[in-house]
Amino acid sequence: MQENQKIDFNQKLEVVLATEDYYHSLVELLSDYRIEYKEVIKKLASAHNSGELDVLKFLNSPQCLDGYISHIRQYLGVIGLIEAPTKSVFETSQIILSKGEYCNIPISEFLGENKSRIKDAVEMLAKSPTKWEFFLRATLISQSKISLEESFQFALELTAHSNQKIQTEAILALGYLKYSSDSGLLAKALEHIHSLLEQNHADELAKSCLQTINEICKKDSSLAANATKSITLCLLDDSIMLLEEVSRIVWLDEEHLPTEWEVLFLSFFDQFSITEWQKSHTVDYALTTLLNRECRAEVIGLLEKKLVANCDDNFEITSFHNISTAIWENKNIDHEELFTRWFCSGNHYLCQAASDIIFEHENTPSKVSKIDDSKDYFFVARKAVGWLFLKPKLATFYVLSILEHCNDSDFEKISELLFYPLLMNTPKTIEGVIKDHIAELDKRKKKTKELLHLLKRNDAYHDVLMKASLNKELHPSTRHREAMGRKNYVENEAMMKEARKGSFLASLFGNNSKVLLYGNKSVFKQYNGNGESRRQVMPLSKISHSTETPIFFSIDPIGLNRLINIFRYEG
């Protein structure tokens with residue numbers, strides 16, 4: 001907000017507050033000022049504390065509550081700066097929260113370390129914890145600033161409350177109290193939580209206990225080893241709610257995560273299927289965090305296990321964006337060795353996962369890793385061609401890398417895959433890759449001679465194919481082509497008409513058809529401040545994109561599809 005805007009707001013605020021019924025006008029004024037709201041909050045608090053404005057009455061007014069809370073939500077921070085009775089602040093905050101809007105009400109800032117306010121809040125909470133349950137945690141934390149022992153004891157009492165919401169809030173408060181350097185109370189809190197879990201480990205209670213255990217051990221890491229028994233009790237049930245909480249702890253509190261907990265959390269992740277992992281977006285972040293720690297081998301093992309057990313044919317490992325990226329980029333993970341192992345396994349889901357990640361990084365082609373048993377190279381080559389066929393450059397790079405390792409007995413069989421199905425289907429794409437590879441080789445070696453021979457075979461094959469394509473008897477007649485063109489036009493028009501019915505853009509811009517004229521420039525009129533028009537000419541740029549369609553999609557689609565599926569699914 002510029003200086004003149006601040007002055008403008010101050011002047012308008014003075015005018016609004018001078019009127020007899022200023023509530024509606026103040027709502028409108030605040031709705032207009034959506035930047036530098038902290039300055040506005042300070043001004044409102046100053047006006048309240050000087051008696052010009054009653055913030056609580058304003059927030060309680062129908063003008064504010066009936067549909068306008070969302071407009072002034074960012075100004076609720078004023079509650080933390082005003083002078084007012086504690087009960088009135090709590091009551092007003094309660095009314096605002098009852099409207100169902102998400103609002104951040106700074107009760108902790110209001111209480112601060114003000115003894116009289118904290119005392120009032122504690123008394124209110126003791127008399128009617130159910131009524132003031134939303135403010136329970138903030139009240140206990142504030143109380144711990146002036147009397148840790150009392151707040152700790154009060155929290156312990158509330159953890160035995162019959163109301164589950166109060167019980168869980170009290171458990172959470174135990175983790176956030178302002179403890180001193182003495183860890184005596186922290187250890188006592190852990191013991192109390194363990195006793196609660198032994199009596200009951202319902203999902204909601206287990207989640208709050210897990211969060212509190214984590215907060216306590218962040219304050220004193222020496223307690224982490226003893227806390228494992230309590231964490232084990234927390235994780236007895238395979239609940240998605242607990243899965244999210246575990247993932248959040250691993251992801252957000254990585255620097256405090258004890259090594260002792262890694263095994264427990266990995267075992268807990270193992271209780272869920274990979275489809276259930278997808279229901280919680282934080283699992284991706286959590287597994288990526290663990291992948292960057294010393295337990296990365298265990299994480300890879302767990303991921304492989306879940307991929308093998310997967311039943312969803314539409315699953316893509318790249319839906320876990322962070323972990324698939326980490327597998328490729330982490331310097332401590334040999335992704336080439338990993339993908340080779342996955343291709344060697346022959347498992348459908350492991351092979352698909354390898355190809356999905358390789359596709360995501362097509363600008364950096366992957367290579368095969370050395371295999372101990374040389375008999376497996378031909379199998380791996382067939383798998384790579386089958387799964388990478390849609391990206392022929394990547395498949396060619398992979399097969400060429402296999403030729404670096406395989407024995408002479410496998411050389412001809414593996415190099416034959418470069419000819420069929422790769423060169424025979426996408427010659428233009430692959431020729432350049434093979435020629436660039438040959439340029440780096442010793443011309444006297446068998447590998448070079450074999451690759452040059454492949455290119456000659458390819459030229460001869462496509463020469464014959466080209467000559468055959470010139471035979472006019474193989475082409476449809478002009479009448480048949482025109483009939484097919486009309487058929488395609490009618491089908492496309494019907495398809496576009498159907499698509500427009502449910503199109504969001506069509507609802508915005510209407511269904512009027514637009515005509516695109518062909519040419520190399522665009523001409524339009526531009527009007528100046530006087531209304532005079534001026535002819536503007538803008539040259540048009542040429543943008544093109546092409547891709548090579550496998551030839552056998554036309555010649556023998558069934559045979560090609562069968563071959564690719566054999567490569568993919570053979571055991």
# chains A, B, ... in the order shown; residues from 1 in each chain; ligands from 1
$ residues_around --residues "region 400-403 of chain A" --least-positions-apart "4" --cutoff "8 Å" --atoms "only C-alpha atoms" --output "ChimeraX atom specification"
/A:367-368,377,381,396,411,414-415,447
$ write_last_selection --atoms "N, CA, C and O atoms" --output "PDB file, in the first residue's frame"
ATOM      1  N   LYS A 367      21.014 -46.238 -19.495  1.00  0.00           N
ATOM      2  CA  LYS A 367      21.831 -47.328 -20.016  1.00  0.00           C
ATOM      3  C   LYS A 367      21.670 -48.547 -19.125  1.00  0.00           C
ATOM      4  O   LYS A 367      21.260 -48.447 -17.970  1.00  0.00           O
ATOM      5  N   VAL A 368      22.048 -49.700 -19.700  1.00  0.00           N
ATOM      6  CA  VAL A 368      22.002 -50.921 -18.924  1.00  0.00           C
ATOM      7  C   VAL A 368      23.178 -50.950 -17.950  1.00  0.00           C
ATOM      8  O   VAL A 368      24.222 -50.340 -18.201  1.00  0.00           O
ATOM      9  N   TYR A 377      21.376 -60.826 -20.851  1.00  0.00           N
ATOM     10  CA  TYR A 377      21.410 -59.592 -21.650  1.00  0.00           C
ATOM     11  C   TYR A 377      20.372 -59.586 -22.764  1.00  0.00           C
ATOM     12  O   TYR A 377      19.743 -58.565 -23.029  1.00  0.00           O
ATOM     13  N   ALA A 381      17.379 -56.934 -23.208  1.00  0.00           N
ATOM     14  CA  ALA A 381      17.236 -56.169 -24.450  1.00  0.00           C
ATOM     15  C   ALA A 381      15.816 -56.260 -24.983  1.00  0.00           C
ATOM     16  O   ALA A 381      15.235 -55.261 -25.423  1.00  0.00           O
ATOM     17  N   THR A 396      16.764 -47.458 -28.492  1.00  0.00           N
ATOM     18  CA  THR A 396      18.012 -47.661 -29.241  1.00  0.00           C
ATOM     19  C   THR A 396      19.229 -47.415 -28.364  1.00  0.00           C
ATOM     20  O   THR A 396      20.186 -48.202 -28.375  1.00  0.00           O
ATOM     21  N   PHE A 411      25.693 -61.193 -29.368  1.00  0.00           N
ATOM     22  CA  PHE A 411      25.810 -59.909 -30.080  1.00  0.00           C
ATOM     23  C   PHE A 411      24.855 -59.843 -31.271  1.00  0.00           C
ATOM     24  O   PHE A 411      24.133 -58.862 -31.448  1.00  0.00           O
ATOM     25  N   ILE A 414      21.088 -59.666 -30.225  1.00  0.00           N
ATOM     26  CA  ILE A 414      20.691 -58.373 -29.640  1.00  0.00           C
ATOM     27  C   ILE A 414      20.711 -57.280 -30.694  1.00  0.00           C
ATOM     28  O   ILE A 414      19.792 -56.439 -30.760  1.00  0.00           O
ATOM     29  N   SER A 415      21.742 -57.259 -31.562  1.00  0.00           N
ATOM     30  CA  SER A 415      21.802 -56.223 -32.603  1.00  0.00           C
ATOM     31  C   SER A 415      20.664 -56.378 -33.600  1.00  0.00           C
ATOM     32  O   SER A 415      20.232 -55.404 -34.222  1.00  0.00           O
ATOM     33  N   LYS A 447      31.804 -54.722 -33.538  1.00  0.00           N
ATOM     34  CA  LYS A 447      30.571 -53.995 -33.242  1.00  0.00           C
ATOM     35  C   LYS A 447      30.308 -52.930 -34.291  1.00  0.00           C
ATOM     36  O   LYS A 447      29.183 -52.784 -34.776  1.00  0.00           O
TER      37      LYS A 447
END
$ select_by_dssp --residues "region 370-466 of chain A" --states "helix (DSSP H, G or I)" --output "PyMOL selection string"
chain A and resi 374-388+392-403+408-425+427-439+446-466
$ write_last_selection --atoms "C-alpha atoms" --output "compact mmCIF listing (two decimals), in the first residue's frame"
# COMPACT_ATOMS: atom_id res chain seq x y z
CA SER A 374 25.68 -62.76 -19.32
CA LYS A 375 22.82 -64.99 -20.48
CA ASP A 376 20.36 -62.37 -19.24
CA TYR A 377 21.41 -59.59 -21.65
CA PHE A 378 19.22 -60.76 -24.53
CA PHE A 379 16.24 -60.99 -22.16
CA VAL A 380 16.89 -57.46 -20.87
CA ALA A 381 17.24 -56.17 -24.45
CA ARG A 382 13.85 -57.61 -25.41
CA LYS A 383 12.27 -56.10 -22.29
CA ALA A 384 13.80 -52.69 -23.02
CA VAL A 385 12.61 -52.74 -26.65
CA GLY A 386 9.11 -53.82 -25.59
CA TRP A 387 8.68 -51.20 -22.87
CA LEU A 388 10.56 -48.34 -24.55
CA PRO A 392 12.50 -45.39 -30.12
CA LYS A 393 15.53 -43.21 -29.37
CA LEU A 394 15.54 -44.34 -25.73
CA ALA A 395 15.11 -47.98 -26.78
CA THR A 396 18.01 -47.66 -29.24
CA PHE A 397 20.30 -46.06 -26.67
CA TYR A 398 19.48 -48.86 -24.23
CA VAL A 399 20.16 -51.66 -26.74
CA LEU A 400 23.41 -50.01 -27.85
CA SER A 401 24.54 -49.89 -24.21
CA ILE A 402 23.75 -53.60 -23.86
CA LEU A 403 26.05 -54.36 -26.82
CA ASP A 408 29.85 -62.37 -28.86
CA SER A 409 27.34 -65.22 -28.82
CA ASP A 410 24.54 -62.77 -27.94
CA PHE A 411 25.81 -59.91 -30.08
CA GLU A 412 24.02 -60.86 -33.31
CA LYS A 413 20.72 -61.66 -31.55
CA ILE A 414 20.69 -58.37 -29.64
CA SER A 415 21.80 -56.22 -32.60
CA GLU A 416 19.03 -57.85 -34.67
CA LEU A 417 16.54 -56.07 -32.37
CA LEU A 418 17.89 -52.79 -33.69
CA PHE A 419 16.80 -53.86 -37.17
CA TYR A 420 13.47 -55.37 -36.24
CA PRO A 421 11.40 -53.89 -34.74
CA LEU A 422 13.29 -50.57 -34.38
CA LEU A 423 14.88 -49.63 -37.74
CA MET A 424 12.12 -51.28 -39.76
CA ASN A 425 9.52 -49.10 -38.00
CA PRO A 427 14.25 -45.51 -39.56
CA LYS A 428 14.60 -41.70 -39.60
CA THR A 429 14.58 -41.44 -35.81
CA ILE A 430 17.00 -44.28 -35.19
CA GLU A 431 19.49 -43.91 -38.04
CA GLY A 432 20.90 -40.71 -36.55
CA VAL A 433 21.34 -42.32 -33.12
CA ILE A 434 23.23 -45.31 -34.56
CA LYS A 435 25.40 -43.13 -36.83
CA ASP A 436 26.37 -40.87 -33.90
CA HIS A 437 27.25 -43.98 -31.90
CA ILE A 438 29.36 -45.42 -34.73
CA ALA A 439 31.32 -42.16 -34.97
CA LYS A 446 33.21 -56.16 -34.86
CA LYS A 447 30.57 -53.99 -33.24
CA THR A 448 31.20 -51.16 -35.69
CA LYS A 449 31.06 -53.47 -38.69
CA GLU A 450 27.85 -55.07 -37.46
CA LEU A 451 26.16 -51.70 -36.97
CA LEU A 452 27.26 -50.50 -40.43
CA HIS A 453 25.85 -53.70 -41.90
CA LEU A 454 22.55 -53.03 -40.12
CA LEU A 455 22.34 -49.58 -41.70
CA LYS A 456 22.95 -51.06 -45.15
CA ARG A 457 20.24 -53.68 -44.59
CA ASN A 458 17.94 -50.92 -43.47
CA ASP A 459 18.59 -48.85 -46.61
CA ALA A 460 18.01 -51.86 -48.86
CA TYR A 461 14.81 -52.82 -47.04
CA HIS A 462 13.28 -49.33 -47.21
CA ASP A 463 14.29 -48.96 -50.88
CA VAL A 464 12.22 -52.06 -51.67
CA LEU A 465 9.37 -50.73 -49.50
CA MET A 466 9.48 -47.36 -51.27
$ residues_around --residues "region 244-253 of chain A" --least-positions-apart "5" --cutoff "6 Å" --atoms "only C-alpha atoms" --output "list in words"
Thr282, Val283, Tyr285 and Ala286 of chain A
$ closest_residue --among "A:Asn407, A:Ser267, A:Ser280, A:Gln211" --to "Leu243 (chain A)" --atoms "only C-alpha atoms"
A:Ser280
$ atom_distance --atom1 "CA of Cys234 (chain A)" --atom2 "CA of Trp261 (chain A)"
12.4 Å
$ residues_around --residues "Ser147 (chain A)" --least-positions-apart "3" --cutoff "12 Å" --atoms "only C-alpha atoms" --output "ChimeraX atom specification"
/A:113,115,118-119,122,139-144,150-154,177-180
$ residues_around --residues "region 65-82 of chain A" --least-positions-apart "4" --cutoff "6 Å" --atoms "only C-alpha atoms" --output "list of chain:residue names"
A:Ser31, A:Ile41, A:Ala45, A:Pro106, A:Glu109, A:Phe110
$ residues_around --residues "Gln278 (chain A)" --least-positions-apart "3" --cutoff "12 Å" --atoms "only C-alpha atoms" --output "ChimeraX atom specification"
/A:240,243-244,269,272-275,281-285,312,315-321
$ closest_residue --among "A:Tyr22, A:Ala170, A:Phe9, A:Asn488" --to "Glu39 (chain A)" --atoms "only C-alpha atoms"
A:Phe9
$ residues_around --residues "Asp32 (chain A)" --least-positions-apart "4" --cutoff "12 Å" --atoms "only C-alpha atoms" --output "PyMOL selection string"
chain A and resi 1+5+8-9+12-13+25-28+36-37+40+71-72
$ closest_residue --among "A:Lys525, A:Arg137, A:Lys207, A:Lys279" --to "Leu158 (chain A)" --atoms "only C-alpha atoms"
A:Arg137
$ closest_atom_pairs --of "region 359-441 of chain A" --to "region 323-328 of chain A" --cutoff "12 Å" --atoms "only C-alpha atoms" --output "JSON lines"
{"residue": "A:Phe359", "atom": "CA", "partner": "A:Ser324", "partner_atom": "CA", "distance": 11.3}
{"residue": "A:Glu360", "atom": "CA", "partner": "A:Thr325", "partner_atom": "CA", "distance": 8.7}
{"residue": "A:His361", "atom": "CA", "partner": "A:Trp328", "partner_atom": "CA", "distance": 8.5}
{"residue": "A:Glu362", "atom": "CA", "partner": "A:Trp328", "partner_atom": "CA", "distance": 11.7}
{"residue": "A:Thr364", "atom": "CA", "partner": "A:Trp328", "partner_atom": "CA", "distance": 10.4}
{"residue": "A:Pro365", "atom": "CA", "partner": "A:Trp328", "partner_atom": "CA", "distance": 11.4}
{"residue": "A:Ser366", "atom": "CA", "partner": "A:Trp328", "partner_atom": "CA", "distance": 9.8}
$ write_last_selection --atoms "C-alpha atoms" --output "short mmCIF file (atom, residue, chain, number, x, y, z; two decimals), in the first residue's frame"
data_model
loop_
_atom_site.label_atom_id
_atom_site.label_comp_id
_atom_site.auth_asym_id
_atom_site.auth_seq_id
_atom_site.Cartn_x
_atom_site.Cartn_y
_atom_site.Cartn_z
CA PHE A 359 10.31 -41.64 -20.27
CA GLU A 360 10.21 -38.73 -17.80
CA HIS A 361 13.92 -38.08 -18.46
CA GLU A 362 14.13 -38.75 -22.18
CA THR A 364 19.18 -38.11 -20.63
CA PRO A 365 18.91 -41.66 -22.03
CA SER A 366 19.33 -44.49 -19.56
#
$ atom_distance --atom1 "CA of Ala84 (chain A)" --atom2 "CA of Ala155 (chain A)"
26.1 Å
$ closest_residue --among "A:His405, A:Lys497, A:Lys131, A:Lys99" --to "Lys87 (chain A)" --atoms "only C-alpha atoms"
A:Lys131
$ atom_distance --atom1 "CA of Trp132 (chain A)" --atom2 "CA of Gln94 (chain A)"
8.2 Å
$ closest_residue --among "A:Glu473, A:Asp237, A:Glu404, A:Ala138" --to "Lys445 (chain A)" --atoms "only C-alpha atoms"
A:Glu404
